[in-house]
$ cat input-v3.cif   # mmCIF, C-alpha atoms and all ligand atoms
data_query
loop_
_atom_site.label_atom_id
_atom_site.label_comp_id
_atom_site.auth_asym_id
_atom_site.auth_seq_id
_atom_site.Cartn_x
_atom_site.Cartn_y
_atom_site.Cartn_z
CA MET D 19 126.15 79.17 82.37
CA ILE D 20 123.64 80.95 80.12
CA LYS D 21 119.93 81.17 80.78
CA VAL D 22 117.44 82.79 78.43
CA LYS D 23 114.42 84.10 80.27
CA GLU D 24 110.82 84.61 79.22
CA GLU D 25 110.05 87.76 77.35
CA PHE D 26 109.01 90.55 79.62
CA SER D 27 106.50 93.06 78.38
CA THR D 28 105.56 96.43 79.75
CA HIS D 29 103.35 99.26 78.57
CA SER D 30 104.71 102.76 78.08
CA LYS D 31 101.38 104.29 79.12
CA GLU D 32 101.98 103.26 82.70
CA TYR D 33 105.17 105.27 82.89
CA GLY D 34 105.72 108.96 82.36
CA ASN D 35 109.44 108.88 81.68
CA HIS D 36 111.88 107.94 78.97
CA ASN D 37 114.21 105.58 80.75
CA ILE D 38 111.73 103.13 82.21
CA ILE D 39 113.57 100.05 80.94
CA GLN D 40 116.82 101.22 82.58
CA GLN D 41 114.94 101.79 85.84
CA ILE D 42 113.36 98.33 85.78
CA ILE D 43 116.75 96.75 85.07
CA ALA D 44 118.65 98.69 87.76
CA LYS D 45 116.03 97.69 90.31
CA ALA D 46 116.20 94.03 89.24
CA LEU D 47 120.00 94.08 89.45
CA VAL D 48 119.94 95.20 93.10
CA ARG D 49 117.02 92.90 93.98
CA GLU D 50 118.82 89.84 92.57
CA MET D 51 122.12 90.50 94.41
CA MET D 52 123.12 87.53 96.53
CA ALA D 53 125.42 89.50 98.84
CA THR D 54 125.29 92.74 100.78
CA PRO D 55 128.70 94.24 99.86
CA LYS D 56 130.21 96.91 102.11
CA ARG D 57 132.47 98.62 99.55
CA ILE D 58 130.92 99.21 96.14
CA LEU D 59 132.22 100.68 92.87
CA GLU D 60 129.59 101.62 90.31
CA LEU D 61 130.30 102.30 86.62
CA GLY D 62 128.05 104.56 84.52
CA CYS D 63 126.09 105.65 87.59
CA GLY D 64 123.81 108.17 85.83
CA SER D 65 121.60 109.98 88.32
CA GLY D 66 121.66 107.18 90.90
CA GLN D 67 119.22 104.49 89.77
CA ILE D 68 121.32 101.76 91.41
CA TYR D 69 122.28 103.69 94.54
CA ASN D 70 118.65 104.66 95.17
CA ASN D 71 117.65 100.99 95.20
CA ILE D 72 120.23 99.90 97.76
CA ASN D 73 118.52 99.22 101.06
CA PHE D 74 121.32 97.70 103.15
CA PRO D 75 124.09 99.48 105.06
CA ILE D 76 127.28 100.21 103.13
CA GLU D 77 130.67 101.54 104.21
CA TYR D 78 131.77 103.20 100.99
CA TYR D 79 130.32 103.85 97.53
CA LYS D 80 132.29 105.17 94.55
CA ALA D 81 130.10 106.15 91.61
CA VAL D 82 131.74 106.82 88.23
CA ASP D 83 130.26 108.44 85.12
CA PHE D 84 131.90 110.36 82.28
CA SER D 85 129.08 112.87 82.13
CA GLN D 86 129.58 115.69 84.64
CA ALA D 87 125.88 116.53 84.34
CA MET D 88 125.04 112.98 85.49
CA CYS D 89 127.61 113.07 88.31
CA ASP D 90 126.00 116.30 89.54
CA LEU D 91 122.63 114.53 89.76
CA HIS D 92 123.93 111.50 91.68
CA PRO D 93 123.15 111.37 95.42
CA ASN D 94 126.00 112.56 97.57
CA GLY D 95 126.98 111.81 101.13
CA GLU D 96 129.77 111.24 103.61
CA ASN D 97 130.60 107.74 102.38
CA ILE D 98 129.93 108.43 98.68
CA ASP D 99 132.48 109.63 96.12
CA VAL D 100 131.14 110.60 92.72
CA CYS D 101 133.95 110.73 90.12
CA CYS D 102 133.82 111.95 86.57
CA PHE D 103 135.86 109.39 84.56
CA ASP D 104 135.60 107.56 81.26
CA PHE D 105 135.77 103.92 82.37
CA ASP D 106 137.86 103.10 79.27
CA SER D 107 140.50 105.75 80.03
CA ASP D 108 143.99 105.40 81.49
CA GLU D 109 143.09 108.05 84.09
CA PHE D 110 140.32 105.77 85.36
CA PHE D 111 142.62 102.74 85.63
CA GLU D 112 145.39 104.76 87.30
CA SER D 113 143.14 106.48 89.79
CA LEU D 114 141.56 103.22 90.97
CA GLN D 115 144.52 100.85 90.85
CA ASN D 116 145.09 100.88 94.62
CA ASP D 117 141.41 100.68 95.53
CA SER D 118 139.71 97.55 96.73
CA TYR D 119 136.00 96.71 96.58
CA ASP D 120 133.65 93.92 97.55
CA MET D 121 131.58 94.43 94.41
CA VAL D 122 131.43 96.33 91.14
CA LEU D 123 127.90 97.21 90.06
CA SER D 124 126.88 98.61 86.71
CA SER D 125 123.55 98.90 84.94
CA SER D 126 122.92 99.78 81.27
CA ALA D 127 126.40 101.28 80.79
CA MET D 128 129.20 98.79 80.07
CA GLN D 129 127.81 97.91 76.61
CA TRP D 130 129.50 101.14 75.51
CA SER D 131 133.00 100.01 76.53
CA LYS D 132 135.58 100.17 73.77
CA ASP D 133 137.59 97.36 75.38
CA LEU D 134 135.36 95.30 77.65
CA LEU D 135 137.91 92.52 78.06
CA LYS D 136 140.49 94.95 79.49
CA LEU D 137 137.88 96.67 81.65
CA VAL D 138 136.57 93.43 83.18
CA SER D 139 140.11 92.18 83.80
CA PHE D 140 141.00 95.42 85.61
CA LEU D 141 137.77 95.44 87.64
CA LEU D 142 138.46 91.90 88.88
CA SER D 143 141.92 93.00 90.02
CA ILE D 144 140.35 95.55 92.41
CA SER D 145 137.06 93.85 93.28
CA LYS D 146 135.94 90.44 94.54
CA GLU D 147 133.06 90.31 92.07
CA ILE D 148 131.03 92.08 89.40
CA ASN D 149 127.26 92.22 89.06
CA ALA D 150 126.16 94.03 85.93
CA THR D 151 123.45 94.43 83.35
CA LEU D 152 124.29 95.41 79.79
CA PHE D 153 122.09 96.12 76.79
CA THR D 154 123.08 94.04 73.78
CA SER D 155 123.17 94.89 70.08
CA ASN D 156 119.77 93.19 69.70
CA THR D 157 118.23 96.26 71.34
CA PHE D 158 116.12 97.97 68.63
CA LYS D 159 116.97 94.96 66.43
CA SER D 160 114.13 95.42 63.90
CA ILE D 161 114.89 99.13 63.57
CA PHE D 162 118.51 98.40 62.73
CA GLU D 163 117.37 95.80 60.19
CA ILE D 164 115.11 98.30 58.39
CA THR D 165 117.62 101.17 58.45
CA LYS D 166 120.47 98.79 57.55
CA GLN D 167 122.56 100.33 60.34
CA LYS D 168 124.79 98.27 62.57
CA SER D 169 124.15 98.66 66.28
CA PRO D 170 127.12 100.46 67.86
CA ILE D 171 126.82 98.53 71.12
CA LEU D 172 128.39 95.18 71.94
CA THR D 173 126.83 91.90 70.87
CA LYS D 174 125.90 89.38 73.55
CA GLU D 175 128.65 87.10 72.20
CA ASP D 176 131.27 89.85 72.73
CA ILE D 177 129.97 90.50 76.24
CA ILE D 178 129.90 86.82 77.23
CA SER D 179 133.38 86.27 75.82
CA ALA D 180 134.90 89.29 77.66
CA PHE D 181 133.54 88.07 80.99
CA GLU D 182 134.22 84.37 80.45
CA LYS D 183 137.88 85.03 79.70
CA ASN D 184 138.24 86.54 83.17
CA ALA D 185 135.88 84.61 85.41
CA LYS D 186 133.37 81.85 85.82
CA CYS D 187 130.07 83.64 85.38
CA LYS D 188 126.33 83.29 85.42
CA PHE D 189 124.53 84.95 82.50
CA GLU D 190 120.82 85.59 82.06
CA ILE D 191 119.36 87.10 78.90
CA TYR D 192 116.05 88.94 78.93
CA ASP D 193 114.03 90.31 76.05
CA TYR D 194 111.93 93.28 77.04
CA LYS D 195 109.13 94.72 74.92
CA LEU D 196 107.91 98.22 75.60
CA GLU D 197 104.47 98.70 74.07
CA PHE D 198 103.02 101.96 72.74
CA GLU D 199 99.53 103.18 71.85
CA ASN D 200 100.66 104.23 68.40
CA LYS D 201 103.72 104.60 66.17
CA LYS D 202 104.08 108.31 66.83
CA GLN D 203 104.55 107.67 70.55
CA LEU D 204 106.96 104.84 69.78
CA PHE D 205 109.21 107.03 67.62
CA ASP D 206 108.92 110.00 70.01
CA TYR D 207 110.20 107.68 72.74
CA ILE D 208 113.32 106.86 70.71
CA LYS D 209 113.98 110.54 70.09
CA LYS D 210 113.66 111.40 73.76
CA SER D 211 115.48 108.41 75.21
CA GLY D 212 118.96 109.87 75.44
CA VAL D 213 121.29 107.82 73.28
CA ARG D 214 118.46 106.52 71.01
CA GLY D 215 119.85 102.99 71.41
CA GLY D 216 122.74 104.12 69.21
CA LEU D 217 120.53 104.83 66.19
CA ALA D 218 122.39 107.30 63.96
CA PRO D 219 120.52 110.34 62.62
CA LEU D 220 118.25 109.49 59.67
CA SER D 221 117.33 111.62 56.65
CA PHE D 222 113.68 112.53 56.16
CA LYS D 223 113.33 109.75 53.58
CA GLU D 224 114.93 107.15 55.83
CA SER D 225 112.76 108.20 58.78
CA LYS D 226 109.64 107.89 56.65
CA LYS D 227 110.63 104.42 55.45
CA LEU D 228 111.26 103.33 59.02
CA TYR D 229 107.94 104.76 60.17
CA LEU D 230 106.06 102.94 57.42
CA GLU D 231 107.89 99.62 57.59
CA TYR D 232 108.30 99.16 61.35
CA PRO D 233 105.91 96.25 61.99
CA TYR D 234 105.35 96.33 65.76
CA ASN D 235 103.63 98.44 68.39
CA TYR D 236 106.54 97.82 70.73
CA LEU D 237 110.28 98.50 70.98
CA GLU D 238 112.70 95.64 71.53
CA PHE D 239 115.38 95.61 74.22
CA GLU D 240 117.77 92.76 74.93
CA VAL D 241 119.54 92.80 78.25
CA ILE D 242 122.16 90.49 79.69
CA PHE D 243 122.56 90.11 83.45
CA VAL D 244 126.09 89.01 84.43
CA LYS D 245 127.29 87.78 87.82
CA THR D 246 130.89 86.69 88.25
CA ILE D 247 131.10 83.58 90.41
CA SER D 248 134.85 83.01 90.71
CA LYS D 249 137.87 84.59 89.06
CA SER D 250 139.82 82.46 86.57
C1 LIG D 301 121.76 104.39 80.05
S1 LIG D 301 122.63 105.29 81.27
C2 LIG D 301 122.40 104.28 82.72
C3 LIG D 301 122.45 105.07 83.98
C4 LIG D 301 122.16 104.28 85.26
N1 LIG D 301 123.23 103.35 85.55
C5 LIG D 301 120.85 103.55 85.19
O1 LIG D 301 120.83 102.36 85.48
O2 LIG D 301 119.83 104.15 84.84
C6 LIG D 301 124.35 104.98 80.87
C7 LIG D 301 125.30 105.83 81.69
O3 LIG D 301 126.63 105.39 81.41
C8 LIG D 301 127.46 106.51 81.23
N2 LIG D 301 128.59 106.09 80.38
C9 LIG D 301 128.53 105.61 79.12
N3 LIG D 301 129.76 105.34 78.66
C10 LIG D 301 130.63 105.65 79.68
C11 LIG D 301 132.05 105.61 79.81
N4 LIG D 301 132.81 105.19 78.81
N5 LIG D 301 132.59 105.99 80.99
C12 LIG D 301 131.80 106.43 82.01
N6 LIG D 301 130.45 106.51 81.93
C13 LIG D 301 129.87 106.13 80.78
C14 LIG D 301 126.55 107.57 80.61
O4 LIG D 301 127.01 108.89 80.84
C15 LIG D 301 125.22 107.30 81.33
O5 LIG D 301 125.07 108.06 82.51
#
$ encode --input "input-v3.cif" --output "C-alpha cells" --more "lines below"
Ligand SMILES: C[S@@+](CC[C@H](N)C(=O)[O-])C[C@H]1O[C@@H](n2cnc3c(N)ncnc32)[C@H](O)[C@@H]1O
Amino acid sequence: MIKVKEEFSTHSKEYGNHNIIQQIIAKALVREMMATPKRILELGCGSGQIYNNINFPIEYYKAVDFSQAMCDLHPNGENIDVCCFDFDSDEFFESLQNDSYDMVLSSSAMQWSKDLLKLVSFLLSISKEINATLFTSNTFKSIFEITKQKSPILTKEDIISAFEKNAKCKFEIYDYKLEFENKKQLFDYIKKSGVRGGLAPLSFKESKKLYLEYPYNYLEFEVIFVKTISKS
C-alpha cells in the first residue's frame, strides 16, 4: 500500500534551527501512531525528538544511537535506557536478541542502514510492529543532479522492498520543500545541517557551479513513512 501525499512547504525564516524538517517529521510520526505502546525501542534517537513528543504513559523506553554525544543529550529517567550502538552491528543484534517490545520507532535514521533487510527482519523478531520515517535518496535531488554525485542514502525502492519482504506495510511518501530568502541562506543551511544530506565535500569550482546553477529558492526532502501492519 503506497500513498503519495501533497507536497508540504515550509519557510526557513520561521525556524531558528538547522534540523527543522527532522523535528516536523518526528512529531508527525508520533501524532500518526495508531497505538499507545508500553515498551518502545527507538533507533537513531538523537537528542530525543521522538521521546519528547510522546504524551502517553509508557513502561519502558530503550533509545539507541551510535553517537555518544547524542546519547548524552537524550532525556534520561527510571524507565529509559539510552544505549550507544550501531544498529547495523553484531553487538546491537546480540544485546537485544532476548528483548521484547510493543513497537520500534525511528525517525530520520534508518536510511543510513547498510543492510536494511536484515535490520527490519531482526526488529520484527523482537517487536510486534515498526513505525518509522526515513529520508530517501531524492532528498537534495537537484543538488545531486548538478554535482553528479550519487546520494549515499537508500532509495525509496530499496526501503519499500526491505520492509515488504518482512511484513505487510503501509507506506506514505511526502515531499517537503524548505524555502529560503536567498541562496546564501540555502547553502549555509546545508553546511550547518549535520550530515549535509550526504553531500560529499565539493571543491571551490564545484561549489561555485552548484551555487550558480541551483534553480530553486528551496531545498528538497523526500520522506517515507512506514507502518508495519502484519508480519509475513
Ligand atoms: C538525522 S538524526 C535524527 C535524530 C532524531 N531521531 C530526530 O528525529 O531528530 C539521525 C540519527 O541517527 C543516528 N544514526 C545514524 N546511523 C546510525 C547507526 N548506524 N546506528 C545508530 N545510530 C545511527 C545519528 O547519530 C543521528 O543521531
$ residues_near_ligand --input "input-v3.cif" --ligand "ligand LIG 301 (chain D)" --cutoff "8 Å" --atoms "only C-alpha atoms and all ligand atoms" --output "JSON, numbers by chain"
{"D": [37, 40, 41, 43, 44, 61, 62, 63, 64, 65, 66, 67, 68, 82, 83, 84, 85, 88, 102, 103, 104, 105, 106, 107, 124, 125, 126, 127, 128, 129, 130, 131, 132, 212, 213]}
$ residues_around --input "input-v3.cif" --residues "Val241 in chain D" --least-positions-apart "5" --cutoff "6 Å" --atoms "only C-alpha atoms" --output "ChimeraX atom specification"
/D:152-154,191-192
$ write_last_selection --input "input-v3.cif" --atoms "C-alpha atoms" --output "mmCIF file, in the frame of the given file"
data_model
loop_
_atom_site.group_PDB
_atom_site.id
_atom_site.type_symbol
_atom_site.label_atom_id
_atom_site.label_comp_id
_atom_site.auth_asym_id
_atom_site.auth_seq_id
_atom_site.Cartn_x
_atom_site.Cartn_y
_atom_site.Cartn_z
ATOM 1 C CA LEU D 152 124.290 95.410 79.790
ATOM 2 C CA PHE D 153 122.090 96.120 76.790
ATOM 3 C CA THR D 154 123.080 94.040 73.780
ATOM 4 C CA ILE D 191 119.360 87.100 78.900
ATOM 5 C CA TYR D 192 116.050 88.940 78.930
#
$ residues_near_point --input "input-v3.cif" --point "(140.6, 87.1, 84.8)" --cutoff "6 Å" --atoms "all atoms listed in the file" --output "PyMOL selection string"
chain D and resi 139+184-185+249-250
$ write_last_selection --input "input-v3.cif" --atoms "C-alpha atoms" --output "PDB file, in the coordinates of the input"
ATOM      1  CA  SER D 139     140.110  92.180  83.800  1.00  0.00           C
ATOM      2  CA  ASN D 184     138.240  86.540  83.170  1.00  0.00           C
ATOM      3  CA  ALA D 185     135.880  84.610  85.410  1.00  0.00           C
ATOM      4  CA  LYS D 249     137.870  84.590  89.060  1.00  0.00           C
ATOM      5  CA  SER D 250     139.820  82.460  86.570  1.00  0.00           C
TER       6      SER D 250
END
$ atom_distance --input "input-v3.cif" --atom1 "CA of Ala81 in chain D" --atom2 "CA of Ile38 in chain D"
20.9 Å
$ atom_distance --input "input-v3.cif" --atom1 "CA of Tyr79 in chain D" --atom2 "CA of Lys245 in chain D"
19.0 Å
